[in-house]
Amino acid sequence: MLTENGIDLFSKPADVSAAPSLAHGERPRGLTEAGWVRTTGWLQVGDHPVHSASVAALAGLLWSLVGAAVLVNTAPVLAGVLVLATPLLCGGLWWLYTAYVRPSSSARNIVRKHAHELEPGDLVRLCGSIGPIGLVIEVASGEDVRVVFHGGARQTWPRHQVVHIAELLS
């Protein structure tokens with residue numbers, strides 16, 4: 001039963017102390033003090049997320065091919081080493097960055113919902129289909145949908161705004 005403010009009187013009270021967690025209950029990498037989770041990877045093929053280190057390695061390969069084209073006549077061995085080493089270096093450094101410097105969890109989008117269909121406990125992408133994830137603690141529907149996330153962040157969306165529900169993988 002909804003009140004005139006859009007509050008469901010019969011919903012279970014939200015556990016505001018609960019933080020986003022992995023399927024087996026562990027704390028995700030990249031959980032910030034603000035309560036949202038940094039995620040790595042913005043490319044998803046079907047149900048499989050592509051780690052951003054792979055994208056960094058591909059970018060390194062493209063740049064190394066340009067450098068090798070310049071060097072191939074004067075230093076062919078160096079051109080070959082450049083093509084082999086640069087993608088490994090770029091991908092490896094990005095992986096280290098997302099694992100230790102700015103820890104990030106891998107995640108995948110599993111379904112889309114309209115904002116008025118959100119429920120406490122949903123893990124929502126905060127910036128469209130990519131970016132950080134927040135755990136919904138409270139939803140108030142009215143003309144707009146007001147959502148409170150773990151950590152206190154608040155977001156207001158139009159009722160029919162499509163949001164992406166995600167699953168934390170690591």
# chains A, B, ... in the order shown; residues from 1 in each chain; ligands from 1
$ residues_around --residues "Glu26 of chain A" --least-positions-apart "5" --cutoff "10 Å" --atoms "only C-alpha atoms" --output "count of residues only"
3
$ residues_around --residues "Asn109 of chain A" --least-positions-apart "4" --cutoff "8 Å" --atoms "only C-alpha atoms" --output "list of chain:residue names"
A:Asp47, A:Ser129, A:His164, A:Ile165, A:Ala166, A:Glu167
$ write_last_selection --atoms "N, CA and C atoms" --output "CSV table (one decimal), in the first residue's frame"
chain,number,residue,atom,x,y,z
A,47,ASP,N,26.9,-12.0,-21.9
A,47,ASP,CA,26.9,-12.0,-20.4
A,47,ASP,C,28.3,-11.9,-19.8
A,129,SER,N,24.9,2.7,-18.3
A,129,SER,CA,25.2,1.3,-18.4
A,129,SER,C,26.7,1.0,-17.9
A,164,HIS,N,20.3,0.3,-15.1
A,164,HIS,CA,20.9,-1.0,-15.3
A,164,HIS,C,21.2,-1.6,-13.9
A,165,ILE,N,20.7,-2.8,-13.8
A,165,ILE,CA,20.9,-3.6,-12.6
A,165,ILE,C,22.2,-4.5,-12.9
A,166,ALA,N,23.1,-4.5,-12.0
A,166,ALA,CA,24.4,-5.2,-12.2
A,166,ALA,C,24.6,-6.3,-11.1
A,167,GLU,N,25.6,-7.1,-11.4
A,167,GLU,CA,26.0,-8.2,-10.5
A,167,GLU,C,27.5,-8.0,-10.3
$ select_by_dssp --residues "chain A" --states "strand (DSSP E or B)" --output "count of residues only"
57
$ residues_around --residues "Gly92 of chain A" --least-positions-apart "3" --cutoff "12 Å" --atoms "only C-alpha atoms" --output "ChimeraX atom specification"
/A:51-58,60,85-89,95-100
$ write_last_selection --atoms "C-alpha atoms" --output "PDB file, in the first residue's frame"
ATOM      1  CA  HIS A  51      38.248  -6.466 -18.270  1.00  0.00           C
ATOM      2  CA  SER A  52      39.549  -2.984 -18.982  1.00  0.00           C
ATOM      3  CA  ALA A  53      43.113  -4.382 -18.926  1.00  0.00           C
ATOM      4  CA  SER A  54      42.258  -6.165 -22.175  1.00  0.00           C
ATOM      5  CA  VAL A  55      41.119  -2.873 -23.669  1.00  0.00           C
ATOM      6  CA  ALA A  56      44.364  -1.229 -22.477  1.00  0.00           C
ATOM      7  CA  ALA A  57      46.390  -4.046 -24.074  1.00  0.00           C
ATOM      8  CA  LEU A  58      44.522  -3.578 -27.353  1.00  0.00           C
ATOM      9  CA  GLY A  60      48.866  -0.583 -26.585  1.00  0.00           C
ATOM     10  CA  ALA A  85      56.081  -5.824 -25.279  1.00  0.00           C
ATOM     11  CA  THR A  86      53.839  -2.752 -25.464  1.00  0.00           C
ATOM     12  CA  PRO A  87      50.460  -4.567 -25.232  1.00  0.00           C
ATOM     13  CA  LEU A  88      51.728  -6.695 -22.334  1.00  0.00           C
ATOM     14  CA  LEU A  89      53.083  -3.637 -20.567  1.00  0.00           C
ATOM     15  CA  TRP A  95      45.607  -4.478 -14.277  1.00  0.00           C
ATOM     16  CA  LEU A  96      48.000  -3.519 -11.442  1.00  0.00           C
ATOM     17  CA  TYR A  97      46.372  -0.091 -11.261  1.00  0.00           C
ATOM     18  CA  THR A  98      42.833  -1.550 -10.959  1.00  0.00           C
ATOM     19  CA  ALA A  99      43.964  -4.241  -8.538  1.00  0.00           C
ATOM     20  CA  TYR A 100      46.134  -2.257  -6.116  1.00  0.00           C
TER      21      TYR A 100
END
$ closest_residue --among "A:Ala68, A:Leu78, A:Ala140, A:Leu123" --to "Ile110 of chain A" --atoms "only C-alpha atoms"
A:Leu123
$ closest_atom_pairs --of "segment 15-61 of chain A" --to "segment 102-106 of chain A" --cutoff "7 Å" --atoms "only C-alpha atoms" --output "JSON lines"
{"residue": "A:Pro28", "atom": "CA", "partner": "A:Ser105", "partner_atom": "CA", "distance": 6.1}
{"residue": "A:Arg29", "atom": "CA", "partner": "A:Ser105", "partner_atom": "CA", "distance": 5.0}
{"residue": "A:Gly30", "atom": "CA", "partner": "A:Ser104", "partner_atom": "CA", "distance": 4.2}
{"residue": "A:Arg38", "atom": "CA", "partner": "A:Ser104", "partner_atom": "CA", "distance": 4.9}
{"residue": "A:Thr39", "atom": "CA", "partner": "A:Ser105", "partner_atom": "CA", "distance": 4.7}
{"residue": "A:Thr40", "atom": "CA", "partner": "A:Ser106", "partner_atom": "CA", "distance": 5.3}
{"residue": "A:Gly41", "atom": "CA", "partner": "A:Ser106", "partner_atom": "CA", "distance": 6.7}
$ select_by_dssp --residues "segment 32-169 of chain A" --states "alpha helix (DSSP H)" --output "ChimeraX atom specification"
/A:52-71,76-96
$ write_last_selection --atoms "N, CA and C atoms" --output "compact mmCIF listing (two decimals), in the first residue's frame"
# COMPACT_ATOMS: atom_id res chain seq x y z
N SER A 52 38.97 -4.16 -18.36
CA SER A 52 39.55 -2.98 -18.98
C SER A 52 41.04 -3.15 -19.27
N ALA A 53 41.71 -4.11 -18.61
CA ALA A 53 43.11 -4.38 -18.93
C ALA A 53 43.24 -4.93 -20.35
N SER A 54 42.25 -5.67 -20.79
CA SER A 54 42.26 -6.17 -22.17
C SER A 54 42.12 -5.01 -23.16
N VAL A 55 41.29 -4.05 -22.82
CA VAL A 55 41.12 -2.87 -23.67
C VAL A 55 42.42 -2.06 -23.68
N ALA A 56 43.09 -1.95 -22.53
CA ALA A 56 44.36 -1.23 -22.48
C ALA A 56 45.42 -1.95 -23.31
N ALA A 57 45.44 -3.28 -23.27
CA ALA A 57 46.39 -4.05 -24.07
C ALA A 57 46.12 -3.84 -25.56
N LEU A 58 44.87 -3.81 -25.95
CA LEU A 58 44.52 -3.58 -27.35
C LEU A 58 44.95 -2.18 -27.80
N ALA A 59 44.74 -1.19 -26.95
CA ALA A 59 45.18 0.17 -27.27
C ALA A 59 46.71 0.20 -27.39
N GLY A 60 47.41 -0.50 -26.50
CA GLY A 60 48.87 -0.58 -26.58
C GLY A 60 49.32 -1.25 -27.87
N LEU A 61 48.59 -2.27 -28.31
CA LEU A 61 48.93 -2.94 -29.57
C LEU A 61 48.80 -1.98 -30.75
N LEU A 62 47.71 -1.22 -30.77
CA LEU A 62 47.51 -0.28 -31.86
C LEU A 62 48.63 0.76 -31.91
N TRP A 63 49.01 1.31 -30.76
CA TRP A 63 50.08 2.31 -30.73
C TRP A 63 51.42 1.67 -31.08
N SER A 64 51.64 0.44 -30.65
CA SER A 64 52.91 -0.21 -30.97
C SER A 64 53.03 -0.51 -32.46
N LEU A 65 51.92 -0.80 -33.12
CA LEU A 65 51.96 -1.02 -34.56
C LEU A 65 52.34 0.26 -35.30
N VAL A 66 51.87 1.39 -34.82
CA VAL A 66 52.25 2.68 -35.41
C VAL A 66 53.74 2.91 -35.21
N GLY A 67 54.22 2.69 -34.00
CA GLY A 67 55.66 2.87 -33.72
C GLY A 67 56.51 1.89 -34.51
N ALA A 68 56.04 0.65 -34.64
CA ALA A 68 56.80 -0.35 -35.40
C ALA A 68 56.87 0.02 -36.87
N ALA A 69 55.80 0.59 -37.41
CA ALA A 69 55.82 1.00 -38.81
C ALA A 69 56.87 2.07 -39.05
N VAL A 70 57.10 2.92 -38.08
CA VAL A 70 58.12 3.96 -38.19
C VAL A 70 59.52 3.36 -38.06
N LEU A 71 59.68 2.36 -37.18
CA LEU A 71 61.00 1.80 -36.88
C LEU A 71 61.41 0.62 -37.76
N PRO A 76 64.52 -3.18 -37.21
CA PRO A 76 63.45 -4.18 -37.29
C PRO A 76 63.29 -5.01 -36.02
N VAL A 77 64.38 -5.30 -35.33
CA VAL A 77 64.28 -6.09 -34.10
C VAL A 77 63.55 -5.28 -33.02
N LEU A 78 63.92 -4.02 -32.91
CA LEU A 78 63.25 -3.14 -31.94
C LEU A 78 61.76 -3.01 -32.27
N ALA A 79 61.44 -2.94 -33.55
CA ALA A 79 60.03 -2.85 -33.96
C ALA A 79 59.27 -4.10 -33.51
N GLY A 80 59.88 -5.27 -33.66
CA GLY A 80 59.24 -6.51 -33.23
C GLY A 80 59.07 -6.58 -31.73
N VAL A 81 60.10 -6.18 -30.99
CA VAL A 81 60.02 -6.16 -29.52
C VAL A 81 58.93 -5.18 -29.07
N LEU A 82 58.86 -4.05 -29.74
CA LEU A 82 57.85 -3.04 -29.41
C LEU A 82 56.44 -3.61 -29.56
N VAL A 83 56.19 -4.34 -30.66
CA VAL A 83 54.86 -4.90 -30.92
C VAL A 83 54.52 -5.98 -29.89
N LEU A 84 55.52 -6.72 -29.43
CA LEU A 84 55.25 -7.78 -28.44
C LEU A 84 55.14 -7.23 -27.01
N ALA A 85 56.00 -6.28 -26.67
CA ALA A 85 56.08 -5.82 -25.28
C ALA A 85 55.05 -4.77 -24.90
N THR A 86 54.73 -3.87 -25.82
CA THR A 86 53.84 -2.75 -25.46
C THR A 86 52.45 -3.21 -25.01
N PRO A 87 51.78 -4.14 -25.72
CA PRO A 87 50.46 -4.57 -25.23
C PRO A 87 50.53 -5.24 -23.86
N LEU A 88 51.57 -6.05 -23.64
CA LEU A 88 51.73 -6.69 -22.33
C LEU A 88 51.96 -5.66 -21.24
N LEU A 89 52.79 -4.68 -21.54
CA LEU A 89 53.08 -3.64 -20.57
C LEU A 89 51.84 -2.80 -20.27
N CYS A 90 51.13 -2.38 -21.30
CA CYS A 90 49.93 -1.55 -21.10
C CYS A 90 48.85 -2.32 -20.33
N GLY A 91 48.57 -3.54 -20.76
CA GLY A 91 47.56 -4.35 -20.07
C GLY A 91 47.95 -4.68 -18.64
N GLY A 92 49.22 -5.04 -18.45
CA GLY A 92 49.70 -5.39 -17.11
C GLY A 92 49.69 -4.23 -16.15
N LEU A 93 50.14 -3.06 -16.63
CA LEU A 93 50.13 -1.88 -15.76
C LEU A 93 48.70 -1.46 -15.40
N TRP A 94 47.78 -1.55 -16.37
CA TRP A 94 46.39 -1.20 -16.06
C TRP A 94 45.79 -2.19 -15.08
N TRP A 95 46.11 -3.48 -15.22
CA TRP A 95 45.61 -4.48 -14.28
C TRP A 95 46.13 -4.18 -12.87
N LEU A 96 47.44 -3.86 -12.75
CA LEU A 96 48.00 -3.52 -11.44
C LEU A 96 47.31 -2.28 -10.86
